[in-house]
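S.K.: Below you'll find input_22.cif; it's mmCIF, C-alpha atoms (C1' of nucleotides).
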```cif
data_query
#
loop_
_atom_site.label_atom_id
_atom_site.label_comp_id
_atom_site.auth_asym_id
_atom_site.auth_seq_id
_atom_site.Cartn_x
_atom_site.Cartn_y
_atom_site.Cartn_z
CA MET S 1 -25.73 -20.73 25.62
CA GLY S 2 -28.10 -17.98 26.59
CA GLN S 3 -27.03 -15.85 23.68
CA THR S 4 -29.68 -13.89 21.90
CA ALA S 5 -30.40 -14.01 18.19
CA ARG S 6 -28.72 -10.67 17.78
CA GLU S 7 -25.52 -11.87 19.38
CA ARG S 8 -25.53 -14.98 17.24
CA GLN S 9 -25.98 -12.99 14.06
CA ARG S 10 -23.30 -10.54 15.11
CA GLU S 11 -20.80 -13.26 15.79
CA ARG S 12 -21.65 -15.01 12.55
CA THR S 13 -21.04 -11.88 10.47
CA ARG S 14 -17.81 -11.15 12.24
CA ARG S 15 -16.58 -14.70 11.69
CA ARG S 16 -17.37 -14.63 8.00
CA LEU S 17 -15.47 -11.37 7.61
CA LEU S 18 -12.50 -12.71 9.49
CA ASP S 19 -12.41 -16.04 7.66
CA VAL S 20 -12.82 -14.51 4.23
CA SER S 21 -10.24 -11.79 4.93
CA ARG S 22 -7.73 -14.26 6.24
CA GLU S 23 -8.03 -16.31 3.08
CA LEU S 24 -7.79 -13.31 0.77
CA PHE S 25 -4.99 -11.54 2.65
CA ALA S 26 -3.00 -14.77 2.71
CA THR S 27 -3.30 -15.48 -0.99
CA GLU S 28 -3.36 -12.03 -2.59
CA GLY S 29 -1.69 -9.85 0.03
CA TYR S 30 -3.07 -6.91 1.97
CA GLY S 31 -2.53 -4.31 -0.71
CA ALA S 32 -3.99 -6.31 -3.56
CA VAL S 33 -7.32 -7.14 -1.95
CA GLY S 34 -9.98 -4.47 -1.73
CA LEU S 35 -12.83 -4.08 0.71
CA ALA S 36 -15.30 -4.64 -2.10
CA GLU S 37 -13.77 -8.04 -2.74
CA ILE S 38 -13.93 -8.92 0.93
CA VAL S 39 -17.53 -7.94 1.56
CA ALA S 40 -18.62 -9.66 -1.65
CA ALA S 41 -16.97 -12.92 -0.62
CA ALA S 42 -18.41 -12.62 2.88
CA GLU S 43 -21.83 -11.81 1.45
CA VAL S 44 -22.25 -8.68 3.53
CA THR S 45 -21.88 -4.98 2.77
CA LYS S 46 -19.26 -2.42 3.59
CA GLY S 47 -21.57 -1.10 6.27
CA ALA S 48 -21.32 -4.38 8.15
CA LEU S 49 -17.54 -4.34 7.88
CA TYR S 50 -17.29 -0.85 9.29
CA HIS S 51 -19.71 -1.76 12.04
CA HIS S 52 -17.33 -4.46 13.26
CA PHE S 53 -13.97 -2.91 12.41
CA SER S 54 -12.74 0.63 12.28
CA GLY S 55 -11.16 0.19 8.86
CA LYS S 56 -9.13 -2.05 6.59
CA ALA S 57 -6.07 -1.99 8.80
CA ASP S 58 -8.14 -2.83 11.87
CA LEU S 59 -9.65 -5.81 10.07
CA PHE S 60 -6.16 -6.93 9.16
CA ARG S 61 -5.10 -6.53 12.77
CA ALA S 62 -7.87 -8.85 13.93
CA VAL S 63 -6.92 -11.41 11.28
CA LEU S 64 -3.25 -11.20 12.23
CA ARG S 65 -4.13 -11.74 15.86
CA GLU S 66 -5.94 -14.98 15.03
CA VAL S 67 -3.08 -16.20 12.85
CA GLN S 68 -0.56 -15.48 15.57
CA GLU S 69 -2.71 -17.17 18.18
CA ASP S 70 -2.88 -20.27 16.00
CA VAL S 71 0.88 -20.39 15.67
CA GLY S 72 1.41 -19.55 19.32
CA ARG S 73 -0.88 -22.39 20.38
CA ARG S 74 1.01 -24.88 18.25
CA VAL S 75 4.37 -23.72 19.60
CA ALA S 76 3.19 -23.76 23.20
CA GLY S 77 1.60 -27.14 22.68
CA ALA S 78 4.80 -28.66 21.36
CA ALA S 79 6.80 -27.17 24.19
CA ASP S 80 4.39 -28.18 26.92
CA ALA S 81 4.52 -31.79 25.76
CA ARG S 82 8.08 -31.95 27.09
CA GLU S 83 9.34 -31.88 30.61
CA ASP S 84 13.01 -31.10 30.13
CA PRO S 85 13.49 -27.32 29.72
CA TRP S 86 16.03 -27.75 26.96
CA GLU S 87 13.74 -29.99 24.98
CA ARG S 88 10.94 -27.51 25.49
CA LEU S 89 13.03 -24.87 23.74
CA THR S 90 14.15 -26.99 20.81
CA ALA S 91 10.75 -28.59 20.30
CA GLY S 92 9.07 -25.18 20.36
CA CYS S 93 11.51 -23.74 17.84
CA GLN S 94 11.14 -26.66 15.46
CA GLU S 95 7.38 -26.54 15.76
CA PHE S 96 7.45 -22.85 14.94
CA LEU S 97 9.34 -23.61 11.75
CA THR S 98 6.69 -26.10 10.73
CA ALA S 99 3.74 -23.92 11.68
CA ALA S 100 5.05 -20.74 10.10
CA THR S 101 5.91 -22.54 6.88
CA GLY S 102 2.35 -23.67 6.36
CA PRO S 103 0.16 -21.91 3.83
CA GLY S 104 -1.88 -18.91 4.83
CA ILE S 105 0.50 -17.87 7.57
CA GLN S 106 3.57 -16.24 6.12
CA ARG S 107 2.23 -13.44 4.05
CA ILE S 108 0.00 -12.21 6.85
CA MET S 109 2.27 -12.83 9.81
CA LEU S 110 5.71 -12.15 8.42
CA VAL S 111 5.43 -9.97 5.32
CA ASP S 112 2.39 -7.71 5.51
CA GLY S 113 2.12 -7.61 9.29
CA PRO S 114 5.07 -5.31 9.96
CA ALA S 115 4.36 -3.14 6.92
CA VAL S 116 0.65 -2.60 7.56
CA LEU S 117 0.71 -2.08 11.31
CA GLY S 118 4.24 -0.79 11.62
CA TRP S 119 7.08 -2.78 13.05
CA ASN S 120 6.51 -1.63 16.60
CA GLU S 121 2.92 -2.75 16.87
CA TRP S 122 3.70 -5.95 15.01
CA ARG S 123 6.51 -6.61 17.43
CA GLY S 124 4.18 -6.14 20.37
CA MET S 125 1.66 -8.59 18.99
CA ASP S 126 4.32 -11.12 18.09
CA GLU S 127 5.66 -10.80 21.59
CA GLU S 128 2.31 -11.70 23.12
CA SER S 129 1.71 -14.69 20.92
CA SER S 130 4.94 -16.57 20.42
CA ALA S 131 8.08 -14.56 21.00
CA ARG S 132 7.21 -14.39 24.68
CA HIS S 133 7.52 -18.16 24.98
CA LEU S 134 10.97 -17.98 23.48
CA GLY S 135 12.18 -15.40 25.97
CA GLU S 136 10.70 -17.31 28.88
CA ALA S 137 12.28 -20.56 27.75
CA LEU S 138 15.68 -18.91 27.41
CA ALA S 139 15.39 -17.28 30.82
CA GLU S 140 14.43 -20.56 32.41
CA LEU S 141 17.40 -22.31 30.84
CA MET S 142 19.75 -19.64 32.15
CA GLU S 143 18.13 -20.06 35.55
CA HIS S 144 18.97 -23.75 35.44
CA GLY S 145 22.47 -23.06 34.21
CA VAL S 146 21.89 -24.85 30.92
CA VAL S 147 22.52 -21.71 28.92
CA ALA S 148 25.18 -19.20 29.87
CA ARG S 149 23.72 -16.18 31.63
CA GLN S 150 23.37 -13.24 29.28
CA PRO S 151 20.84 -10.61 28.30
CA VAL S 152 17.76 -12.44 27.07
CA ALA S 153 16.25 -9.88 24.70
CA PRO S 154 19.05 -9.66 22.13
CA LEU S 155 19.37 -13.41 21.91
CA ALA S 156 15.61 -13.87 21.64
CA HIS S 157 15.43 -11.37 18.79
CA LEU S 158 18.29 -12.99 16.93
CA LEU S 159 16.68 -16.41 17.19
CA SER S 160 13.22 -15.13 16.40
CA GLY S 161 14.46 -13.34 13.29
CA ALA S 162 16.42 -16.38 12.20
CA MET S 163 13.34 -18.58 12.39
CA ASN S 164 11.08 -16.06 10.67
CA GLU S 165 13.40 -15.69 7.71
CA ALA S 166 14.00 -19.40 7.51
CA ALA S 167 10.26 -20.03 7.42
CA LEU S 168 9.81 -17.53 4.60
CA TRP S 169 12.57 -19.16 2.63
CA LEU S 170 11.30 -22.67 3.20
CA ALA S 171 7.86 -21.77 1.95
CA THR S 172 9.21 -20.78 -1.46
CA SER S 173 11.77 -23.52 -1.71
CA ALA S 174 10.03 -26.62 -2.96
CA GLN S 175 12.80 -29.04 -2.06
CA PRO S 176 11.99 -31.20 0.97
CA GLN S 177 15.67 -31.50 1.77
CA ASP S 178 15.79 -27.79 2.61
CA MET S 179 13.47 -28.25 5.55
CA ALA S 180 15.63 -31.01 6.99
CA ASP S 181 18.79 -28.99 6.42
CA THR S 182 17.29 -25.93 8.05
CA ARG S 183 16.14 -27.93 11.05
CA ALA S 184 19.64 -29.29 11.41
CA ALA S 185 21.26 -25.88 11.08
CA LEU S 186 18.86 -24.40 13.62
CA ALA S 187 19.51 -27.28 16.01
CA ARG S 188 23.23 -26.64 15.67
CA LEU S 189 22.80 -22.96 16.44
CA LEU S 190 20.70 -23.74 19.49
CA GLU S 191 23.13 -26.40 20.64
CA ALA S 192 25.83 -23.76 20.67
CA LEU S 193 23.98 -21.95 23.42
CA ARG S 194 24.48 -24.72 25.95
CA ALA S 195 27.07 -23.81 28.47
CA MET F 1 31.81 14.39 -19.50
CA GLY F 2 30.45 14.60 -23.00
CA GLN F 3 26.91 14.59 -21.71
CA THR F 4 24.39 16.80 -23.35
CA ALA F 5 22.15 19.28 -21.61
CA ARG F 6 19.27 16.87 -21.96
CA GLU F 7 21.11 14.07 -20.26
CA ARG F 8 22.14 16.37 -17.43
CA GLN F 9 18.59 17.56 -16.89
CA ARG F 10 17.28 14.03 -17.06
CA GLU F 11 19.72 12.79 -14.49
CA ARG F 12 19.01 15.74 -12.26
CA THR F 13 15.25 15.11 -12.24
CA ARG F 14 15.75 11.43 -11.61
CA ARG F 15 18.07 12.13 -8.70
CA ARG F 16 15.66 14.56 -7.09
CA LEU F 17 12.85 12.01 -7.34
CA LEU F 18 15.01 9.28 -5.86
CA ASP F 19 16.37 11.43 -3.04
CA VAL F 20 13.00 12.86 -2.09
CA SER F 21 11.32 9.45 -2.26
CA ARG F 22 13.98 7.81 -0.17
CA GLU F 23 13.53 10.42 2.52
CA LEU F 24 9.73 10.22 2.49
CA PHE F 25 9.52 6.43 2.26
CA ALA F 26 11.97 6.11 5.13
CA THR F 27 10.15 8.47 7.46
CA GLU F 28 6.48 7.97 6.58
CA GLY F 29 6.46 4.53 5.00
CA TYR F 30 5.49 3.47 1.50
CA GLY F 31 1.75 3.37 2.08
CA ALA F 32 1.49 6.70 3.84
CA VAL F 33 3.25 8.80 1.21
CA GLY F 34 1.42 9.70 -1.98
CA LEU F 35 2.78 10.51 -5.39
CA ALA F 36 1.47 14.05 -5.06
CA GLU F 37 3.61 14.53 -1.96
CA ILE F 38 6.65 13.17 -3.74
CA VAL F 39 6.40 15.26 -6.88
CA ALA F 40 5.67 18.38 -4.84
CA ALA F 41 8.78 17.86 -2.71
CA ALA F 42 10.86 17.13 -5.80
CA GLU F 43 9.40 20.18 -7.54
CA VAL F 44 8.36 18.26 -10.62
CA THR F 45 5.04 16.90 -11.86
CA LYS F 46 3.54 13.46 -11.98
CA GLY F 47 4.32 13.38 -15.68
CA ALA F 48 8.02 13.54 -14.91
CA LEU F 49 7.71 10.74 -12.40
CA TYR F 50 5.95 8.47 -14.86
CA HIS F 51 8.48 9.38 -17.51
CA HIS F 52 11.25 7.95 -15.33
CA PHE F 53 9.44 5.16 -13.52
CA SER F 54 6.61 2.87 -14.48
CA GLY F 55 4.71 3.52 -11.26
CA LYS F 56 4.92 3.95 -7.52
CA ALA F 57 6.20 0.44 -6.90
CA ASP F 58 8.87 0.86 -9.56
CA LEU F 59 10.03 4.08 -7.95
CA PHE F 60 10.22 2.27 -4.64
CA ARG F 61 12.20 -0.51 -6.26
CA ALA F 62 14.77 1.98 -7.50
CA VAL F 63 15.02 3.56 -4.05
CA LEU F 64 15.36 0.17 -2.39
CA ARG F 65 18.13 -0.76 -4.79
CA GLU F 66 20.12 2.31 -3.79
CA VAL F 67 19.59 1.67 -0.10
CA GLN F 68 20.71 -1.92 -0.46
CA GLU F 69 23.73 -0.90 -2.49
CA ASP F 70 24.73 1.52 0.25
CA VAL F 71 24.50 -1.18 2.88
CA GLY F 72 26.17 -3.74 0.65
CA ARG F 73 29.08 -1.40 0.03
CA ARG F 74 29.60 -0.85 3.73
CA VAL F 75 29.47 -4.56 4.49
CA ALA F 76 31.81 -5.44 1.65
CA GLY F 77 34.14 -2.64 2.68
CA ALA F 78 34.37 -3.88 6.24
CA ALA F 79 34.98 -7.42 5.08
CA ASP F 80 37.56 -6.52 2.47
CA ALA F 81 39.59 -4.65 5.06
CA ARG F 82 40.50 -8.00 6.63
CA GLU F 83 42.64 -10.78 5.34
CA ASP F 84 41.60 -13.67 7.54
CA PRO F 85 38.43 -15.32 6.17
CA TRP F 86 36.93 -15.72 9.62
CA GLU F 87 37.46 -12.09 10.44
CA ARG F 88 35.95 -11.13 7.11
CA LEU F 89 32.76 -12.90 8.13
CA THR F 90 32.49 -11.46 11.63
CA ALA F 91 33.47 -7.96 10.58
CA GLY F 92 30.95 -8.02 7.75
CA CYS F 93 28.16 -9.18 10.05
CA GLN F 94 28.91 -6.57 12.67
CA GLU F 95 29.10 -3.86 10.05
CA PHE F 96 25.73 -4.93 8.71
CA LEU F 97 24.24 -4.50 12.15
CA THR F 98 25.58 -0.97 12.34
CA ALA F 99 24.59 -0.01 8.81
CA ALA F 100 21.10 -1.46 8.95
CA THR F 101 20.41 0.19 12.27
CA GLY F 102 21.04 3.63 10.86
CA PRO F 103 18.13 5.91 10.08
CA GLY F 104 16.50 5.81 6.69
CA ILE F 105 17.40 2.20 6.08
CA GLN F 106 15.13 -0.08 8.04
CA ARG F 107 11.70 0.89 6.96
CA ILE F 108 12.61 0.74 3.29
CA MET F 109 14.91 -2.25 3.33
CA LEU F 110 13.41 -4.49 5.99
CA VAL F 111 9.77 -3.57 6.50
CA ASP F 112 8.22 -2.20 3.31
CA GLY F 113 10.59 -3.93 0.90
CA PRO F 114 9.15 -7.43 1.20
CA ALA F 115 5.56 -6.19 1.42
CA VAL F 116 5.66 -3.87 -1.59
CA LEU F 117 7.66 -6.00 -4.00
CA GLY F 118 6.77 -9.38 -2.60
CA TRP F 119 9.12 -11.51 -0.59
CA ASN F 120 10.52 -13.31 -3.61
CA GLU F 121 11.66 -10.25 -5.49
CA TRP F 122 12.91 -8.67 -2.29
CA ARG F 123 14.88 -11.80 -1.57
CA GLY F 124 16.48 -11.64 -5.00
CA MET F 125 17.54 -8.04 -4.55
CA ASP F 126 18.84 -8.67 -1.05
CA GLU F 127 20.78 -11.60 -2.40
CA GLU F 128 22.53 -9.42 -4.96
CA SER F 129 23.43 -6.68 -2.55
CA SER F 130 24.48 -8.19 0.75
CA ALA F 131 23.22 -11.71 1.39
CA ARG F 132 25.46 -12.95 -1.39
CA HIS F 133 28.52 -11.87 0.53
CA LEU F 134 27.34 -13.86 3.51
CA GLY F 135 26.90 -17.05 1.51
CA GLU F 136 30.27 -16.64 -0.15
CA ALA F 137 32.01 -16.03 3.16
CA LEU F 138 30.42 -19.12 4.67
CA ALA F 139 31.32 -21.24 1.67
CA GLU F 140 34.89 -20.03 1.79
CA LEU F 141 35.15 -20.85 5.47
CA MET F 142 33.87 -24.37 4.85
CA GLU F 143 36.41 -24.68 2.04
CA HIS F 144 39.15 -23.83 4.51
CA GLY F 145 37.75 -26.20 7.10
CA VAL F 146 37.05 -23.38 9.55
CA VAL F 147 33.34 -24.08 9.55
CA ALA F 148 31.92 -27.59 9.39
CA ARG F 149 30.76 -28.51 5.92
CA GLN F 150 27.00 -28.20 5.57
CA PRO F 151 24.42 -26.75 3.20
CA VAL F 152 25.15 -23.05 2.91
CA ALA F 153 21.71 -21.69 2.04
CA PRO F 154 19.82 -22.65 5.22
CA LEU F 155 22.56 -21.32 7.43
CA ALA F 156 22.85 -18.11 5.45
CA HIS F 157 19.11 -17.49 5.72
CA LEU F 158 19.10 -18.14 9.44
CA LEU F 159 21.95 -15.70 10.00
CA SER F 160 20.56 -13.12 7.61
CA GLY F 161 17.17 -13.20 9.31
CA ALA F 162 18.76 -12.99 12.73
CA MET F 163 20.66 -9.85 11.78
CA ASN F 164 17.69 -8.22 10.07
CA GLU F 165 15.45 -8.68 13.08
CA ALA F 166 18.18 -7.58 15.45
CA ALA F 167 18.70 -4.41 13.45
CA LEU F 168 15.00 -3.62 13.54
CA TRP F 169 14.92 -4.11 17.27
CA LEU F 170 18.03 -2.07 17.89
CA ALA F 171 16.64 0.87 15.98
CA THR F 172 13.69 1.20 18.34
CA SER F 173 15.57 0.40 21.50
CA ALA F 174 17.21 3.57 22.69
CA GLN F 175 19.57 1.91 25.14
CA PRO F 176 23.19 1.84 23.95
CA GLN F 177 23.82 -1.30 25.96
CA ASP F 178 21.50 -3.26 23.70
CA MET F 179 23.79 -2.77 20.73
CA ALA F 180 26.75 -4.10 22.65
CA ASP F 181 24.74 -7.03 23.99
CA THR F 182 23.47 -7.88 20.54
CA ARG F 183 26.95 -7.73 19.07
CA ALA F 184 28.13 -10.09 21.77
CA ALA F 185 25.24 -12.50 21.27
CA LEU F 186 25.79 -12.49 17.50
CA ALA F 187 29.50 -13.07 17.97
CA ARG F 188 28.69 -16.03 20.22
CA LEU F 189 26.36 -17.53 17.63
CA LEU F 190 28.96 -17.13 14.90
CA GLU F 191 31.66 -18.56 17.13
CA ALA F 192 29.54 -21.68 17.48
CA LEU F 193 29.95 -22.33 13.78
CA ARG F 194 33.71 -22.91 14.05
CA ALA F 195 34.50 -26.56 13.72
"C1'" DT Q 1 20.97 29.26 -39.85
"C1'" DT Q 2 17.01 26.66 -40.70
"C1'" DC Q 3 13.89 23.14 -39.91
"C1'" DG Q 4 11.96 18.86 -38.72
"C1'" DT Q 5 12.26 15.50 -35.05
"C1'" DT Q 6 12.85 13.85 -30.58
"C1'" DC Q 7 12.65 13.98 -25.87
"C1'" DA Q 8 11.70 15.44 -21.23
"C1'" DC Q 9 8.46 16.79 -19.21
"C1'" DA Q 10 3.47 19.28 -17.98
"C1'" DT Q 11 -1.69 19.27 -17.81
"C1'" DA Q 12 -6.12 17.44 -17.58
"C1'" DC Q 13 -8.57 13.70 -16.69
"C1'" DC Q 14 -10.32 8.84 -15.22
"C1'" DG Q 15 -11.57 4.75 -12.55
"C1'" DA Q 16 -11.09 2.57 -8.33
"C1'" DT Q 17 -10.62 2.47 -3.52
"C1'" DG Q 18 -10.98 3.46 1.45
"C1'" DG Q 19 -13.98 5.83 4.20
"C1'" DT Q 20 -18.49 8.28 5.90
"C1'" DA Q 21 -23.33 9.88 6.73
"C1'" DG Q 22 -27.89 8.92 7.02
"C1'" DG Q 23 -31.48 5.61 6.84
"C1'" DT Q 24 -34.04 0.98 7.83
"C1'" DG Q 25 -36.00 -3.00 9.66
"C1'" DA Q 26 -35.77 -6.76 12.80
"C1'" DG Q 27 -35.24 -8.02 17.54
"C1'" DA Q 28 -35.12 -7.07 22.62
"C1'" DG Q 29 -37.03 -5.10 26.83
"C1'" DA Q 30 -40.92 -3.00 29.27
"C1'" DT K 1 -48.04 -3.56 22.06
"C1'" DC K 2 -44.97 0.05 22.07
"C1'" DT K 3 -40.49 1.90 22.00
"C1'" DC K 4 -35.82 1.83 21.55
"C1'" DT K 5 -31.63 -0.23 20.27
"C1'" DC K 6 -28.58 -2.32 17.27
"C1'" DA K 7 -26.84 -4.65 13.31
"C1'" DC K 8 -26.56 -3.56 9.00
"C1'" DC K 9 -27.48 -1.33 4.26
"C1'" DT K 10 -27.34 2.38 0.61
"C1'" DA K 11 -25.63 6.33 -1.47
"C1'" DC K 12 -22.17 9.25 -1.62
"C1'" DC K 13 -17.47 11.56 -1.22
"C1'" DA K 14 -12.42 12.54 -1.35
"C1'" DT K 15 -8.24 10.87 -2.56
"C1'" DC K 16 -5.01 8.28 -4.95
"C1'" DG K 17 -2.56 5.73 -8.54
"C1'" DG K 18 -2.49 5.76 -13.25
"C1'" DT K 19 -3.13 7.47 -18.28
"C1'" DA K 20 -3.81 10.13 -22.59
"C1'" DT K 21 -2.62 14.03 -24.77
"C1'" DG K 22 -0.28 18.41 -25.35
"C1'" DT K 23 4.09 21.44 -25.50
"C1'" DG K 24 8.33 23.73 -25.71
"C1'" DA K 25 13.16 23.31 -25.57
"C1'" DA K 26 17.13 20.75 -27.27
"C1'" DC K 27 19.31 18.19 -30.75
"C1'" DG K 28 20.87 16.68 -35.44
"C1'" DA K 29 20.86 17.14 -40.44
"C1'" DA K 30 20.90 20.16 -44.39
#
```
Any chance you could give the structure as structure tokens?
M.R.:
Amino acid sequence: MGQTARERQRERTRRRLLDVSRELFATEGYGAVGLAEIVAAAEVTKGALYHHFSGKADLFRAVLREVQEDVGRRVAGAADAREDPWERLTAGCQEFLTAATGPGIQRIMLVDGPAVLGWNEWRGMDEESSARHLGEALAELMEHGVVARQPVAPLAHLLSGAMNEAALWLATSAQPQDMADTRAALARLLEALRA
Amino acid sequence: MGQTARERQRERTRRRLLDVSRELFATEGYGAVGLAEIVAAAEVTKGALYHHFSGKADLFRAVLREVQEDVGRRVAGAADAREDPWERLTAGCQEFLTAATGPGIQRIMLVDGPAVLGWNEWRGMDEESSARHLGEALAELMEHGVVARQPVAPLAHLLSGAMNEAALWLATSAQPQDMADTRAALARLLEALRA
DNA sequence: TTCGTTCACATACCGATGGTAGGTGAGAGA
DNA sequence: TCTCTCACCTACCATCGGTATGTGAACGAA
């Protein structure tokens, strides 16, 4: 760890800003939290914030990236634990439902993300983190003849949107039965893809 | 038509504000358009705006309501043109894809809506306008034994989210083939629901 | 027709917020 | 030790959403 004191301090400040922002953005929403609130909670000044990020939206972008990477890791982890391609798909989808339903994820990743950065950029980031896995899994299954050959992109978007909305709904619905029902309904939809 | 001059003027101002806002919100996005821009385009003052709406978010809410009603009308119209319950569902879903893909709809209804008003309120409004039709159609199909009996809400959310995301994607993708492919993929997913 | 009231706005103003410019002191390299 | 860089701070600005107060035309009652 030959990092200098400067580098350590720099990383520390950046981390505090990211952690604090993630917490605030998740609970209050992007629009409702001000930079003053962020820098106060992080115990730095606005100057430090603007030294690390080009603005409020850029800070949000960095936070969103970390959130998406967290979710993407969980999805990939669940998928990689299986050998059978079909199980990789279903396990990944179910894991996504669980991960995206957790607190501190939704508001940033599914609600404010598209609005703050624009749908196009959000889509690109989502693609890199988790949606890519979905497309690859579908393509592989078509390769193996498990799923009927068809354009991958439309199907991937349909499924991705279905899971996003379901996660948002599940987070507000307090009834545990809803999660089980949604899992079952999703499994049924996926099952329908098998040739 | 016994409306007084005052009522006519009032309605006229309100309409201009709604029309101008809808156009601006759709093209620039909620965050990027200021009240000054709106009132200038509508040729009124901020006083008039605040006389009709309680604030920027409230104005947006009114615009969103009109957008959703437009889409809801189209969906209901397509569904009501059919007799067979199954066809009512599929026709409604396909019409939604077309309507939501059109310009001036997406940004307001699918991107900024949840972020500005919060997902919960957005969900409620969406429910009233178009999602309700989906749930009712599904319930009716289960009643008739066309679709396997199961909890309606999870399935409705999955399908609703799938169509929303697909519409967003289709609007950016310039290739006409994508629309056809998406319609086909959606039809296949729906077909899987038949018992 | 008169006259007081209401209503649909207009004007002037305020606080807060995102963003910027210039400065400062500690740490790194020579 | 000297100099330069860099991480960060302070003071300030422009803009934006929101509000308090004013005003003239339209309406209803007499």
S.K.: Considering only C-alpha atoms (C1' of nucleotides), can you say which of Q:DA26, Q:DC3, Q:DC9, Q:DC14 comes closest to chain S?
M.R.: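 Of the candidates, the smallest distance to chain S is held by Q:DA26.
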S.K.: Just the residues within 7 Å of F:Ala156, please, counting only C-alpha atoms (C1' of nucleotides), with nothing from its chain fewer than 4 positions along; format it as JSON, numbers by chain.
M.R.: {"F": [134, 135, 152, 160]}
S.K.: On this structure, which residues satisfy the PyMOL selection byres ((chain Q and resi 18-25) around 8), written as a PyMOL selection string?
M.R.: (chain S and resi 35+55-56) or (chain Q and resi 17+26) or (chain K and resi 9+13)
S.K.: For the file shown, what are the residues hit by the PyMOL selection byres ((chain K and resi 1) around 12), laid out as a ChimeraX atom specification?
M.R.: /Q:30 /K:2-3
S.K.: Which residues are near K:DA20? Cut-off 12 Å, all atoms listed in the file, ignore same chain within fewer than 5 positions. Put them as number ranges by chain.
M.R.: F: 47; Q: 11-14
S.K.: Enumerate, as an mmCIF file with C-alpha atoms, in the coordinates of the input, the residues matched when the PyMOL selection byres ((chain F) within 8 of (chain S)) is run on the file above.
M.R.:
```cif
data_model
loop_
_atom_site.group_PDB
_atom_site.id
_atom_site.type_symbol
_atom_site.label_atom_id
_atom_site.label_comp_id
_atom_site.auth_asym_id
_atom_site.auth_seq_id
_atom_site.Cartn_x
_atom_site.Cartn_y
_atom_site.Cartn_z
ATOM 1 C CA VAL F 111 9.770 -3.570 6.500
ATOM 2 C CA ASP F 112 8.220 -2.200 3.310
ATOM 3 C CA PRO F 114 9.150 -7.430 1.200
ATOM 4 C CA ALA F 115 5.560 -6.190 1.420
ATOM 5 C CA TRP F 119 9.120 -11.510 -0.590
ATOM 6 C CA ASN F 120 10.520 -13.310 -3.610
ATOM 7 C CA PRO F 151 24.420 -26.750 3.200
ATOM 8 C CA PRO F 154 19.820 -22.650 5.220
ATOM 9 C CA LEU F 155 22.560 -21.320 7.430
ATOM 10 C CA HIS F 157 19.110 -17.490 5.720
ATOM 11 C CA LEU F 158 19.100 -18.140 9.440
ATOM 12 C CA LEU F 159 21.950 -15.700 10.000
ATOM 13 C CA SER F 160 20.560 -13.120 7.610
ATOM 14 C CA GLY F 161 17.170 -13.200 9.310
ATOM 15 C CA ALA F 162 18.760 -12.990 12.730
ATOM 16 C CA MET F 163 20.660 -9.850 11.780
ATOM 17 C CA ASN F 164 17.690 -8.220 10.070
ATOM 18 C CA GLU F 165 15.450 -8.680 13.080
ATOM 19 C CA ALA F 166 18.180 -7.580 15.450
ATOM 20 C CA LEU F 168 15.000 -3.620 13.540
ATOM 21 C CA TRP F 169 14.920 -4.110 17.270
ATOM 22 C CA THR F 172 13.690 1.200 18.340
ATOM 23 C CA ASP F 178 21.500 -3.260 23.700
ATOM 24 C CA ASP F 181 24.740 -7.030 23.990
ATOM 25 C CA THR F 182 23.470 -7.880 20.540
ATOM 26 C CA ALA F 185 25.240 -12.500 21.270
ATOM 27 C CA LEU F 186 25.790 -12.490 17.500
ATOM 28 C CA LEU F 189 26.360 -17.530 17.630
ATOM 29 C CA ALA F 192 29.540 -21.680 17.480
ATOM 30 C CA LEU F 193 29.950 -22.330 13.780
#
```
S.K.: Could you tell me how far atom CA of S:Arg65 sits from atom CA of S:Val44, in Å to one decimal place?
M.R.: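 These two atoms are separated by 22.1 Å.
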S.K.: At a cut-off of 10 Å, list the chain K residues touching chain S, using all atoms listed in the file, as a list of chain:residue names.
M.R.: K:DC6, K:DA7, K:DC8, K:DC9, K:DT10
S.K.: At a cut-off of 9 Å around the point (26.0, 0.6, 7.4) (file coordinates), what residues fall inside when counting all atoms listed in the file? I'd like the answer as a list in words.
M.R.: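 So the residues meeting the distance criterion are Asp70, Val71, Gly72, Arg73, Arg74, Val75, Glu95, Phe96, Leu97, Thr98, Ala99, Ala100, Thr101, Gly102 and Ile105 of chain F.
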S.K.: Could you check how far atom CA of S:Gly34 sits from atom CA of F:Ala57, in Å to one decimal?
M.R.: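 About the pair atom CA of S:Gly34 and atom CA of F:Ala57: they are 17.7 Å apart.
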S.K.: Using atom CA of S:Ala81 and atom CA of S:His144 as the two end points, give the distance in Å to one decimal.
M.R.: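 If I compute the distance from atom CA of S:Ala81 to atom CA of S:His144, I get 19.2 Å.
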S.K.: Neighbours of Q:DG4 within 12 Å (only C-alpha atoms (C1' of nucleotides); same-chain residues fewer than 4 positions away dropped), as a PyMOL selection string?
M.R.: chain K and resi 27-30
S.K.: Give, as lines of an AutoDock Vina configuration file, the centre coordinates and the x, y and z edge lengths in Å to one decimal for an axis-aligned box around all listed atoms of stretch 11-30 of chain K, padded by 8 Å on each side.
M.R.:
```
center_x = -2.4
center_y = 14.7
center_z = -22.8
size_x = 62.5
size_y = 34.0
size_z = 59.2
```
S.K.: Around (31.5, -21.6, 6.8), as given in the file, which residues come within 9 Å? Count only C-alpha atoms (C1' of nucleotides) and list them as a list in words.
M.R.: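 Collected hits near the coordinates: Trp86, Leu89, Gly135, Glu136, Ala137, Leu138, Ala139, Glu140, Leu141, Met142, Glu143, His144, Gly145, Val146, Val147, Ala148, Arg149, Gln150, Val152, Leu155, Leu193 and Arg194 of chain F.
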